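**Q** Here it is: the structure, laid out below.
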Amino acid sequence: MWKRAYAHADSHTHTDAYAYGYTTPVPTPTPTPMPEPTQAPEQVAGSGGIAPLSLDDPMAIASELSEAELACITGVADVASLMQIFAAPEMASPEEQAQVFGCFEDETVLRLYLTGILVGTGPLSVETSQCIRAGMEGVDLSAVMLAGATGDEAGAMAGTSTFILALTCLNEDEWQAAAPVLGAAPEERENLQCVVEELGGPDGFAETLAAGDEASFMALFGAVAQCGVQFAGGPGFG
């Protein structure tokens, strides 16, 4: 089901030309081969702005996945099952979701994870995207998105931490676009910055995220409560 279609047409035209008034055929010129088209260099995955996936359009999704991802998906889910997982992940088992996530490359998982933000902002700037990727380096976002279904408290903490981090990376225009989707007032951006500062700035925030223990969990939610962070949206794509 998940196969790209490639159009390929070959045409071979041969015309025997005869000069008017002569009985000797004029030789057909040997055609000059067409030069091979120069391929534009492919953009390195994870180097540009993070863009949303069209989760309600299977053809659009297929067009954005790599050959390896498509081949893997074909072995674990049909189109209907995949669209069901995207539309209502809670209806699929953690094992089914994990199989699908396991087929995706890191950048695709990141785009899925940020769906709650990207539906409001559209493609993020390169600067914002670099900030998000740097902050989430080493984080297993597949496990984070499965945390609710598996009851993984450490994963849930990582989800909250990384989502706050992503929001603090947004520029002003991106925040203004994302806030209504997340159920946050535009002025609440300062509250998110407050959380980072409460945890010791960017470095302290990163250390809290990396620790993943109960003490870090309590410190994070203490900072969230102290700074008055409230929004209806969250990580994930359901």
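By convention here, the chains of the structure tokens are called A, B, ... in the order presented, each chain's residues are numbered starting at 1, and ligands are numbered starting at 1 in the order presented.
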Contacts of Ser129 in chain A at 6 Å or less, counting only C-alpha atoms, minus same-chain residues fewer than 2 places along, as a list in words?
**A** Gly49, Ile50, Val126, Glu127, Cys131 and Ile132 of chain A
**Q** Take the selection from the previous step and output its residues with C-alpha atoms, as a PDB file, in the first residue's frame.
**A**
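And here is the file that came out, part.pdb:
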```
ATOM      1  CA  GLY A  49      13.192  23.934   9.845  1.00  0.00           C
ATOM      2  CA  ILE A  50      10.962  21.338  11.518  1.00  0.00           C
ATOM      3  CA  VAL A 126      15.833  27.083  11.399  1.00  0.00           C
ATOM      4  CA  GLU A 127      16.971  28.804  14.601  1.00  0.00           C
ATOM      5  CA  CYS A 131      17.339  24.955  19.607  1.00  0.00           C
ATOM      6  CA  ILE A 132      14.771  22.147  19.909  1.00  0.00           C
TER       7      ILE A 132
END
```
**Q** Can you pull out every residue from range 116-169 of chain A that DSSP, working from the backbone, puts in alpha helix (DSSP H), and format the result as a PyMOL selection string?
**A** chain A and resi 116-121+126-135+141-150+153-169
**Q** Give one line per residue of range 116-190 of chain A that approaches range 71-89 of chain A to at most 10 Å, naming the two atoms of the closest pair and their distance in Å to one decimal, counting only C-alpha atoms; sort by chain then ascending residue number and deliver it as JSON lines.
**A**
```
{"residue": "A:Met145", "atom": "CA", "partner": "A:Pro89", "partner_atom": "CA", "distance": 9.7}
{"residue": "A:Leu146", "atom": "CA", "partner": "A:Pro89", "partner_atom": "CA", "distance": 9.3}
{"residue": "A:Ala149", "atom": "CA", "partner": "A:Pro89", "partner_atom": "CA", "distance": 9.2}
```
**Q** Could you work out how far CA of Thr121 in chain A lies from CA of Val181 in chain A, giving the answer in Å with one decimal?
**A**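 CA of Thr121 in chain A lies at a distance of 9.2 Å from CA of Val181 in chain A.
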**Q** So the first atom is CA of Met136 in chain A and the second is CA of Gln226 in chain A; what is the distance between them in Å, to one decimal place?
**A**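 Going from CA of Met136 in chain A over to CA of Gln226 in chain A, I get 23.9 Å.
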**Q** Between A:Val224, A:Ala51, A:Glu67, A:Thr208, single out the one closest to Tyr113 in chain A, counting only C-alpha atoms.
**A**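 The shortest atom-to-atom distance to Tyr113 in chain A comes from A:Ala51.
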**Q** Between A:Glu174, A:Leu220, A:Leu65, A:Ser54, which residue has the minimum interatomic distance to Thr128 in chain A, considering only C-alpha atoms?
**A**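 Among the listed residues, A:Glu174 lies closest to Thr128 in chain A.
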**Q** Mind checking which residues fall within 12 Å of range 215-219 of chain A, counting only C-alpha atoms, ignoring those fewer than 5 positions away in the same chain, and posting them as an mmCIF file with C-alpha atoms, in the first residue's frame?
**A**
```
data_model
loop_
_atom_site.group_PDB
_atom_site.id
_atom_site.type_symbol
_atom_site.label_atom_id
_atom_site.label_comp_id
_atom_site.auth_asym_id
_atom_site.auth_seq_id
_atom_site.Cartn_x
_atom_site.Cartn_y
_atom_site.Cartn_z
ATOM 1 C CA GLU A 153 6.449 8.117 35.119
ATOM 2 C CA ALA A 154 10.002 8.902 34.042
ATOM 3 C CA GLY A 155 8.830 9.076 30.444
ATOM 4 C CA ALA A 156 5.966 11.343 31.452
ATOM 5 C CA MET A 157 8.391 13.680 33.214
ATOM 6 C CA ALA A 158 10.650 13.721 30.184
ATOM 7 C CA GLY A 159 7.607 14.529 28.058
ATOM 8 C CA THR A 160 6.675 17.518 30.173
ATOM 9 C CA SER A 161 10.281 18.724 30.330
ATOM 10 C CA VAL A 195 10.402 27.318 34.889
ATOM 11 C CA VAL A 196 13.776 27.223 33.173
ATOM 12 C CA GLU A 198 13.736 28.021 38.609
ATOM 13 C CA LEU A 199 15.680 24.926 37.605
ATOM 14 C CA GLY A 200 18.959 26.799 37.282
ATOM 15 C CA GLY A 204 20.139 23.209 35.105
ATOM 16 C CA PHE A 205 17.051 22.463 33.063
ATOM 17 C CA ALA A 206 19.069 20.078 30.877
ATOM 18 C CA GLU A 207 20.481 18.340 33.950
ATOM 19 C CA THR A 208 16.962 17.886 35.358
ATOM 20 C CA LEU A 209 15.827 16.389 32.083
ATOM 21 C CA ALA A 210 18.830 14.066 31.921
ATOM 22 C CA VAL A 224 5.730 24.420 36.951
ATOM 23 C CA ALA A 225 3.418 25.096 39.890
ATOM 24 C CA GLN A 226 5.548 27.960 41.196
#
```
**Q** List as a ChimeraX atom specification the protein and nucleic acid residues near Cys194 in chain A, meaning an atom at most 8 Å away when only C-alpha atoms are counted, but skip any in the same chain fewer than 4 places from it.
**A** /A:190,198,223,227
**Q** Using the selection just defined, write its residues with N, CA, C and O atoms as a PDB file, in the first residue's frame.
**A**
```
ATOM      1  N   GLU A 190       6.294  34.061  29.503  1.00  0.00           N
ATOM      2  CA  GLU A 190       7.193  34.411  30.615  1.00  0.00           C
ATOM      3  C   GLU A 190       7.158  33.337  31.689  1.00  0.00           C
ATOM      4  O   GLU A 190       8.170  33.093  32.364  1.00  0.00           O
ATOM      5  N   GLU A 198      13.910  28.678  37.313  1.00  0.00           N
ATOM      6  CA  GLU A 198      13.736  28.021  38.609  1.00  0.00           C
ATOM      7  C   GLU A 198      14.602  26.768  38.737  1.00  0.00           C
ATOM      8  O   GLU A 198      15.008  26.391  39.829  1.00  0.00           O
ATOM      9  N   ALA A 223       8.524  23.619  39.983  1.00  0.00           N
ATOM     10  CA  ALA A 223       8.779  24.830  39.200  1.00  0.00           C
ATOM     11  C   ALA A 223       7.574  25.184  38.338  1.00  0.00           C
ATOM     12  O   ALA A 223       7.222  26.362  38.199  1.00  0.00           O
ATOM     13  N   CYS A 227       5.620  28.684  38.883  1.00  0.00           N
ATOM     14  CA  CYS A 227       5.574  29.671  37.801  1.00  0.00           C
ATOM     15  C   CYS A 227       4.199  29.803  37.147  1.00  0.00           C
ATOM     16  O   CYS A 227       4.018  30.638  36.243  1.00  0.00           O
TER      17      CYS A 227
END
```
**Q** When you draw a straight line from CA of Ala134 in chain A to CA of Asp106 in chain A, how long is it in Å?
**A** 12.9 Å
**Q** Using only C-alpha atoms for the distances, tell me which of A:Leu70, A:Gly135, A:Thr150, A:Glu187 is nearest to Ala166 in chain A.
**A** A:Gly135
**Q** Using only C-alpha atoms for the distances, tell me which of A:Ala98, A:Leu182, A:Cys103, A:Val144 is nearest to Gly116 in chain A.
**A** A:Leu182
**Q** Counting only C-alpha atoms, which residue out of A:Ala62, A:Ser142, A:Ile117, A:Glu188 sits closest to Val100 in chain A?
**A**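 Among the listed residues, the smallest separation from Val100 in chain A belongs to A:Ser142.
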**Q** I'd like to know which of A:Leu124, A:Leu53, A:Val139, A:Ile164 is closest to Leu112 in chain A, using only C-alpha atoms.
**A**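 Closest to Leu112 in chain A, using only C-alpha atoms: A:Leu53.
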